[in-house]
$ cat target_23.pdb   # PDB, C-alpha atoms
ATOM      1  CA  MET A   1       0.000   0.000   0.000
ATOM      2  CA  LEU A   2       1.355   3.399  -0.981
ATOM      3  CA  SER A   3      -0.130   6.666   0.243
ATOM      4  CA  LEU A   4       1.394   9.989  -0.839
ATOM      5  CA  ARG A   5       0.927  13.653   0.052
ATOM      6  CA  GLY A   6       2.918  16.698  -0.933
ATOM      7  CA  SER A   7       3.512  19.244  -3.643
ATOM      8  CA  LYS A   8       2.111  18.905  -7.126
ATOM      9  CA  ALA A   9       5.579  18.180  -8.595
ATOM     10  CA  GLN A  10       6.298  15.483  -6.008
ATOM     11  CA  ASN A  11       2.974  13.825  -6.658
ATOM     12  CA  HIS A  12       3.537  13.866 -10.423
ATOM     13  CA  ALA A  13       6.912  12.181  -9.881
ATOM     14  CA  PHE A  14       5.395   9.655  -7.502
ATOM     15  CA  GLY A  15       2.481   9.155  -9.887
ATOM     16  CA  TYR A  16       4.949   8.153 -12.582
ATOM     17  CA  LEU A  17       6.666   5.815 -10.112
ATOM     18  CA  VAL A  18       3.320   4.251  -9.242
ATOM     19  CA  HIS A  19       2.631   3.834 -12.969
ATOM     20  CA  LEU A  20       5.956   2.013 -13.394
ATOM     21  CA  LEU A  21       5.236  -0.152 -10.361
ATOM     22  CA  GLY A  22       1.882  -1.023 -11.876
ATOM     23  CA  ILE A  23       3.524  -2.100 -15.120
ATOM     24  CA  PHE A  24       6.078  -4.161 -13.169
ATOM     25  CA  LYS A  25       3.387  -5.765 -11.047
ATOM     26  CA  LYS A  26       1.230  -6.474 -14.087
ATOM     27  CA  SER A  27       4.157  -8.228 -15.757
ATOM     28  CA  ILE A  28       4.606 -10.481 -12.724
ATOM     29  CA  CYS A  29       0.921 -11.122 -12.098
ATOM     30  CA  ALA A  30      -0.441 -11.029 -15.606
ATOM     31  CA  ASN A  31      -3.962 -11.899 -14.627
ATOM     32  CA  GLU A  32      -4.213  -9.604 -11.591
ATOM     33  CA  PRO A  33      -3.901  -5.894 -12.437
ATOM     34  CA  TYR A  34      -3.358  -3.425  -9.628
ATOM     35  CA  GLN A  35      -6.568  -2.755  -7.786
ATOM     36  CA  ASP A  36      -6.854   0.843  -6.744
ATOM     37  CA  GLN A  37      -5.178   3.989  -7.945
ATOM     38  CA  GLN A  38      -7.048   7.198  -7.176
ATOM     39  CA  LEU A  39      -5.553  10.517  -8.211
ATOM     40  CA  HIS A  40      -7.451  13.450  -6.730
ATOM     41  CA  GLN A  41      -7.488  16.480  -9.004
ATOM     42  CA  GLY A  42      -7.649  19.034  -6.183
ATOM     43  CA  ASP A  43      -4.375  18.192  -4.475
ATOM     44  CA  TYR A  44      -2.962  15.512  -6.834
ATOM     45  CA  GLN A  45      -2.805  13.127  -3.939
ATOM     46  CA  ILE A  46      -2.560   9.434  -4.664
ATOM     47  CA  GLU A  47      -4.777   8.000  -2.002
ATOM     48  CA  SER A  48      -3.919   4.358  -2.326
ATOM     49  CA  PHE A  49      -2.145   1.865  -4.481
ATOM     50  CA  ASN A  50      -2.465  -1.821  -3.792
ATOM     51  CA  CYS A  51       0.621  -3.633  -5.025
ATOM     52  CA  SER A  52       0.255  -7.037  -3.481
ATOM     53  CA  CYS A  53       0.677 -10.201  -5.442
ATOM     54  CA  GLU A  54       0.804 -13.785  -4.333
ATOM     55  CA  PHE A  55       3.269 -16.054  -5.999
ATOM     56  CA  GLY A  56       5.783 -18.693  -5.112
ATOM     57  CA  GLY A  57       5.776 -21.165  -2.298
ATOM     58  CA  ARG A  58       2.956 -23.374  -1.141
ATOM     59  CA  GLY A  59      -0.086 -22.607   0.940
ATOM     60  CA  ALA A  60      -3.602 -21.258   0.872
ATOM     61  CA  GLY A  61      -4.150 -18.133  -1.183
ATOM     62  CA  VAL A  62      -0.997 -18.570  -3.253
ATOM     63  CA  GLN A  63      -1.373 -18.629  -7.009
ATOM     64  CA  MET A  64      -0.183 -21.955  -8.390
ATOM     65  CA  LYS A  65       2.518 -21.740 -11.084
ATOM     66  CA  VAL A  66       2.242 -24.150 -14.004
ATOM     67  CA  LEU A  67       4.850 -24.819 -16.687
ATOM     68  CA  ILE A  68       3.589 -26.360 -19.939
ATOM     69  CA  VAL A  69       6.229 -28.124 -22.051
ATOM     70  CA  ASP A  70       4.989 -29.344 -25.435
ATOM     71  CA  ASP A  71       6.528 -29.050 -28.905
ATOM     72  CA  GLU A  72       3.112 -28.271 -30.409
ATOM     73  CA  PRO A  73       2.495 -24.504 -30.070
ATOM     74  CA  GLU A  74      -1.259 -25.037 -30.504
ATOM     75  CA  ILE A  75      -1.355 -27.316 -27.458
ATOM     76  CA  CYS A  76       0.667 -24.796 -25.441
ATOM     77  CA  SER A  77      -1.691 -21.970 -26.443
ATOM     78  CA  LEU A  78      -4.816 -23.994 -25.693
ATOM     79  CA  LEU A  79      -3.575 -25.084 -22.274
ATOM     80  CA  GLU A  80      -2.196 -21.642 -21.421
ATOM     81  CA  GLU A  81      -5.540 -19.989 -22.150
ATOM     82  CA  PHE A  82      -7.495 -22.701 -20.317
ATOM     83  CA  LEU A  83      -5.314 -22.511 -17.190
ATOM     84  CA  SER A  84      -4.939 -18.721 -17.156
ATOM     85  CA  GLN A  85      -8.715 -18.340 -17.209
ATOM     86  CA  ARG A  86      -8.811 -20.494 -14.075
ATOM     87  CA  GLY A  87      -6.324 -18.354 -12.170
ATOM     88  CA  TYR A  88      -3.093 -20.263 -12.687
ATOM     89  CA  ALA A  89       0.163 -18.454 -13.461
ATOM     90  CA  VAL A  90       1.239 -20.139 -16.695
ATOM     91  CA  VAL A  91       4.481 -20.253 -18.652
ATOM     92  CA  THR A  92       4.980 -22.317 -21.802
ATOM     93  CA  ALA A  93       7.969 -23.938 -23.484
ATOM     94  CA  THR A  94       7.985 -25.569 -26.915
ATOM     95  CA  SER A  95      11.039 -27.794 -26.442
ATOM     96  CA  GLY A  96      12.604 -29.912 -23.748
ATOM     97  CA  GLU A  97      15.650 -27.624 -23.494
ATOM     98  CA  GLU A  98      13.459 -24.536 -23.145
ATOM     99  CA  GLY A  99      11.360 -26.361 -20.552
ATOM    100  CA  ILE A 100      14.418 -27.173 -18.447
ATOM    101  CA  SER A 101      15.606 -23.550 -18.628
ATOM    102  CA  LYS A 102      12.217 -22.121 -17.704
ATOM    103  CA  PHE A 103      11.822 -24.672 -14.910
ATOM    104  CA  ALA A 104      15.082 -23.469 -13.323
ATOM    105  CA  VAL A 105      13.930 -19.840 -13.408
ATOM    106  CA  MET A 106      10.220 -20.251 -12.689
ATOM    107  CA  LYS A 107      10.302 -22.992 -10.051
ATOM    108  CA  PRO A 108       6.757 -24.099 -10.962
ATOM    109  CA  ASP A 109       4.464 -26.035  -8.668
ATOM    110  CA  LEU A 110       3.227 -28.228 -11.506
ATOM    111  CA  VAL A 111       4.597 -29.196 -14.934
ATOM    112  CA  LEU A 112       2.479 -30.466 -17.819
ATOM    113  CA  LEU A 113       5.023 -32.314 -19.933
ATOM    114  CA  ASP A 114       4.760 -33.882 -23.385
ATOM    115  CA  ILE A 115       6.518 -37.232 -23.697
ATOM    116  CA  ARG A 116       7.533 -37.070 -27.368
ATOM    117  CA  MET A 117       9.545 -33.989 -28.309
ATOM    118  CA  PRO A 118      12.213 -33.612 -30.983
ATOM    119  CA  ASP A 119      15.174 -32.315 -28.949
ATOM    120  CA  ILE A 120      14.942 -33.967 -25.531
ATOM    121  CA  ASP A 121      12.102 -36.344 -24.783
ATOM    122  CA  GLY A 122       9.774 -35.741 -21.867
ATOM    123  CA  LEU A 123      11.230 -38.585 -19.796
ATOM    124  CA  GLN A 124      14.672 -36.942 -19.827
ATOM    125  CA  VAL A 125      13.087 -33.602 -18.892
ATOM    126  CA  LEU A 126      11.121 -35.363 -16.139
ATOM    127  CA  LYS A 127      14.340 -36.885 -14.776
ATOM    128  CA  GLN A 128      16.013 -33.457 -14.571
ATOM    129  CA  ILE A 129      12.938 -31.891 -12.958
ATOM    130  CA  LYS A 130      12.719 -34.598 -10.302
ATOM    131  CA  GLN A 131      16.466 -34.347  -9.605
ATOM    132  CA  SER A 132      16.124 -30.595  -9.165
ATOM    133  CA  ASP A 133      12.908 -30.654  -7.114
ATOM    134  CA  PRO A 134      11.270 -34.007  -6.323
ATOM    135  CA  GLN A 135       8.202 -32.215  -4.873
ATOM    136  CA  THR A 136       7.232 -30.580  -8.174
ATOM    137  CA  GLY A 137       4.007 -32.058  -9.498
ATOM    138  CA  THR A 138       4.184 -33.519 -12.981
ATOM    139  CA  ILE A 139       1.518 -34.625 -15.422
ATOM    140  CA  MET A 140       2.735 -36.281 -18.612
ATOM    141  CA  ILE A 141       0.958 -35.591 -21.904
ATOM    142  CA  THR A 142       1.101 -38.298 -24.559
ATOM    143  CA  ALA A 143      -0.341 -38.834 -28.008
ATOM    144  CA  ILE A 144       0.379 -42.534 -27.829
ATOM    145  CA  LYS A 145      -0.914 -45.151 -25.459
ATOM    146  CA  ASP A 146       2.429 -46.812 -24.789
ATOM    147  CA  SER A 147       2.017 -48.610 -21.484
ATOM    148  CA  ASP A 148       5.775 -49.194 -21.104
ATOM    149  CA  THR A 149       6.517 -45.460 -21.420
ATOM    150  CA  VAL A 150       3.711 -44.595 -18.999
ATOM    151  CA  LYS A 151       4.999 -47.197 -16.502
ATOM    152  CA  GLN A 152       8.507 -45.773 -16.837
ATOM    153  CA  ALA A 153       7.201 -42.237 -16.213
ATOM    154  CA  LEU A 154       5.278 -43.444 -13.154
ATOM    155  CA  THR A 155       8.392 -45.109 -11.706
ATOM    156  CA  MET A 156      10.291 -41.844 -12.290
ATOM    157  CA  GLY A 157       7.804 -39.965 -10.121
ATOM    158  CA  VAL A 158       5.230 -38.518 -12.527
ATOM    159  CA  ASN A 159       1.966 -37.849 -10.699
ATOM    160  CA  ASP A 160      -0.391 -38.620 -13.562
ATOM    161  CA  TYR A 161      -0.725 -38.634 -17.340
ATOM    162  CA  ILE A 162      -3.257 -37.542 -19.938
ATOM    163  CA  VAL A 163      -3.702 -38.698 -23.522
ATOM    164  CA  LYS A 164      -4.042 -36.405 -26.553
ATOM    165  CA  PRO A 165      -6.444 -35.150 -27.667
ATOM    166  CA  ILE A 166      -6.659 -33.592 -24.223
ATOM    167  CA  ASP A 167      -9.956 -33.871 -22.401
ATOM    168  CA  LEU A 168     -10.058 -30.470 -20.667
ATOM    169  CA  ASN A 169     -12.682 -31.649 -18.169
ATOM    170  CA  HIS A 170     -10.400 -34.488 -17.095
ATOM    171  CA  LEU A 171      -7.435 -32.106 -16.912
ATOM    172  CA  GLU A 172      -9.455 -29.736 -14.734
ATOM    173  CA  LYS A 173     -10.246 -32.593 -12.333
ATOM    174  CA  LEU A 174      -6.555 -33.506 -12.134
ATOM    175  CA  LEU A 175      -5.623 -29.875 -11.484
ATOM    176  CA  THR A 176      -8.302 -29.536  -8.801
ATOM    177  CA  SER A 177      -6.857 -32.588  -7.051
ATOM    178  CA  TRP A 178      -3.353 -31.177  -7.382
ATOM    179  CA  GLN A 179      -4.537 -27.769  -6.127
ATOM    180  CA  ARG A 180      -5.800 -29.414  -2.911
ATOM    181  CA  LEU A 181      -2.384 -30.993  -2.356
ATOM    182  CA  PHE A 182      -0.681 -27.711  -3.209
ATOM    183  CA  ALA A 183      -2.735 -25.770  -0.658
ATOM    184  CA  ALA A 184      -2.149 -28.337   2.114
TER     185      ALA A 184
END

$ encode --input "target_23.pdb" --output "structure tokens"
Amino acid sequence: MLSLRGSKAQNHAFGYLVHLLGIFKKSICANEPYQDQQLHQGDYQIESFNCSCEFGGRGAGVQMKVLIVDDEPEICSLLEEFLSQRGYAVVTATSGEEGISKFAVMKPDLVLLDIRMPDIDGLQVLKQIKQSDPQTGTIMITAIKDSDTVKQALTMGVNDYIVKPIDLNHLEKLLTSWQRLFAA
């Protein structure tokens, strides 16, 4: 919360600062714009500016971060839109290498991971994720019903898997279950 009083020049300078903070906050919390910015014309006083954002860590009230790794941009876009509309903070990667890099930076709570990708397959990405953070939730995405690959993924620590074409209702149920674990 930011509350300012003072000369017109000071308030213009602080107003610009608040504007920059709003842009910064919006870039971090893409689906949660700043709530309240009131500029009074009489004294140019910014009455309040709410710059709170929940991210990172586990617990109630914290926005869950999801990384989607799939070499099909259409799948990434579909899942990103679907999850963003439900309040998840979403980042996408269209290759295994990009997924590993974004995982290291983002530290997501859950990864949706395609098994078959051209550069590094999903099982290798899964192995690196689980070595880095065994607590990260993982759901494998596969276009093939290869029971040996699914069994291998399960022994490597994947939490669940879904088959393409993706049933969004089923995915939502999986995410709801994961959200309960996340909040606990």

$ atom_distance --input "target_23.pdb" --atom1 "CA of Val111 in chain A" --atom2 "CA of Leu67 in chain A"
4.7 Å

$ closest_residue --input "target_23.pdb" --among "A:Lys65, A:Pro118, A:Asp71, A:Leu83" --to "Met106 in chain A" --atoms "all atoms listed in the file"
A:Lys65

$ resolve_selection --input "target_23.pdb" --expression "the PyMOL selection byres ((chain A and resi 158) around 8)" --output "ChimeraX atom specification"
/A:126,137-140,153-157,159-161

$ resolve_selection --input "target_23.pdb" --expression "the PyMOL selection byres ((chain A and resi 143) around 6)" --output "JSON, numbers by chain"
{"A": [142, 144, 163, 164]}

$ closest_residue --input "target_23.pdb" --among "A:Glu74, A:Val66, A:Ala104, A:Asp146" --to "Tyr88 in chain A" --atoms "all atoms listed in the file"
A:Val66

$ resolve_selection --input "target_23.pdb" --expression "the PyMOL selection byres ((chain A and resi 108) around 12)" --output "ChimeraX atom specification"
/A:55-58,63-69,88-92,99-107,109-112,129,132-138,182

$ atom_distance --input "target_23.pdb" --atom1 "CA of Ile115 in chain A" --atom2 "CA of Ile141 in chain A"
6.1 Å

$ closest_residue --input "target_23.pdb" --among "A:Gln131, A:Ser77, A:Ser95, A:Ser147" --to "Met117 in chain A" --atoms "only C-alpha atoms"
A:Ser95

$ atom_distance --input "target_23.pdb" --atom1 "CA of Gln124 in chain A" --atom2 "CA of Arg86 in chain A"
29.2 Å

$ closest_residue --input "target_23.pdb" --among "A:Glu97, A:Thr176, A:Asp114, A:Ile120" --to "Ile162 in chain A" --atoms "all atoms listed in the file"
A:Asp114

$ build_atoms --input "target_23.pdb" --residues "range 101-127 of chain A" --atoms "N, CA and C atoms" --output "CSV table (one decimal), in the coordinates of the input"
chain,number,residue,atom,x,y,z
A,101,SER,N,15.2,-24.9,-19.0
A,101,SER,CA,15.6,-23.6,-18.6
A,101,SER,C,14.5,-22.8,-17.9
A,102,LYS,N,13.3,-22.9,-18.4
A,102,LYS,CA,12.2,-22.1,-17.7
A,102,LYS,C,11.9,-22.7,-16.3
A,103,PHE,N,12.0,-24.0,-16.2
A,103,PHE,CA,11.8,-24.7,-14.9
A,103,PHE,C,12.8,-24.1,-13.9
A,104,ALA,N,14.1,-24.0,-14.3
A,104,ALA,CA,15.1,-23.5,-13.3
A,104,ALA,C,14.8,-22.1,-12.9
A,105,VAL,N,14.2,-21.2,-13.7
A,105,VAL,CA,13.9,-19.8,-13.4
A,105,VAL,C,12.6,-19.7,-12.7
A,106,MET,N,11.6,-20.4,-13.2
A,106,MET,CA,10.2,-20.3,-12.7
A,106,MET,C,10.0,-21.0,-11.4
A,107,LYS,N,10.6,-22.1,-11.2
A,107,LYS,CA,10.3,-23.0,-10.1
A,107,LYS,C,8.8,-23.3,-9.9
A,108,PRO,N,8.2,-23.9,-11.0
A,108,PRO,CA,6.8,-24.1,-11.0
A,108,PRO,C,6.3,-25.1,-9.9
A,109,ASP,N,5.1,-25.1,-9.6
A,109,ASP,CA,4.5,-26.0,-8.7
A,109,ASP,C,4.0,-27.3,-9.4
A,110,LEU,N,3.7,-27.1,-10.7
A,110,LEU,CA,3.2,-28.2,-11.5
A,110,LEU,C,3.7,-28.1,-12.9
A,111,VAL,N,4.1,-29.2,-13.5
A,111,VAL,CA,4.6,-29.2,-14.9
A,111,VAL,C,3.7,-30.1,-15.7
A,112,LEU,N,3.2,-29.6,-16.8
A,112,LEU,CA,2.5,-30.5,-17.8
A,112,LEU,C,3.5,-30.7,-18.9
A,113,LEU,N,3.8,-32.0,-19.1
A,113,LEU,CA,5.0,-32.3,-19.9
A,113,LEU,C,4.7,-33.3,-21.0
A,114,ASP,N,4.9,-33.0,-22.3
A,114,ASP,CA,4.8,-33.9,-23.4
A,114,ASP,C,5.9,-34.9,-23.3
A,115,ILE,N,5.5,-36.2,-23.7
A,115,ILE,CA,6.5,-37.2,-23.7
A,115,ILE,C,7.4,-37.2,-24.9
A,116,ARG,N,6.8,-37.1,-26.1
A,116,ARG,CA,7.5,-37.1,-27.4
A,116,ARG,C,7.8,-35.7,-27.8
A,117,MET,N,9.1,-35.3,-27.8
A,117,MET,CA,9.5,-34.0,-28.3
A,117,MET,C,10.8,-34.2,-29.1
A,118,PRO,N,11.1,-33.4,-30.1
A,118,PRO,CA,12.2,-33.6,-31.0
A,118,PRO,C,13.6,-33.5,-30.4
A,119,ASP,N,13.8,-32.5,-29.5
A,119,ASP,CA,15.2,-32.3,-28.9
A,119,ASP,C,15.5,-33.2,-27.8
A,120,ILE,N,14.8,-33.1,-26.7
A,120,ILE,CA,14.9,-34.0,-25.5
A,120,ILE,C,13.6,-34.5,-25.2
A,121,ASP,N,13.4,-35.8,-25.1
A,121,ASP,CA,12.1,-36.3,-24.8
A,121,ASP,C,11.7,-36.0,-23.4
A,122,GLY,N,10.4,-36.1,-23.1
A,122,GLY,CA,9.8,-35.7,-21.9
A,122,GLY,C,10.3,-36.5,-20.7
A,123,LEU,N,10.7,-37.8,-20.9
A,123,LEU,CA,11.2,-38.6,-19.8
A,123,LEU,C,12.6,-38.0,-19.3
A,124,GLN,N,13.4,-37.6,-20.2
A,124,GLN,CA,14.7,-36.9,-19.8
A,124,GLN,C,14.4,-35.6,-19.1
A,125,VAL,N,13.5,-34.9,-19.6
A,125,VAL,CA,13.1,-33.6,-18.9
A,125,VAL,C,12.5,-33.9,-17.5
A,126,LEU,N,11.7,-34.9,-17.4
A,126,LEU,CA,11.1,-35.4,-16.1
A,126,LEU,C,12.2,-35.7,-15.2
A,127,LYS,N,13.2,-36.5,-15.6
A,127,LYS,CA,14.3,-36.9,-14.8
A,127,LYS,C,15.1,-35.7,-14.2
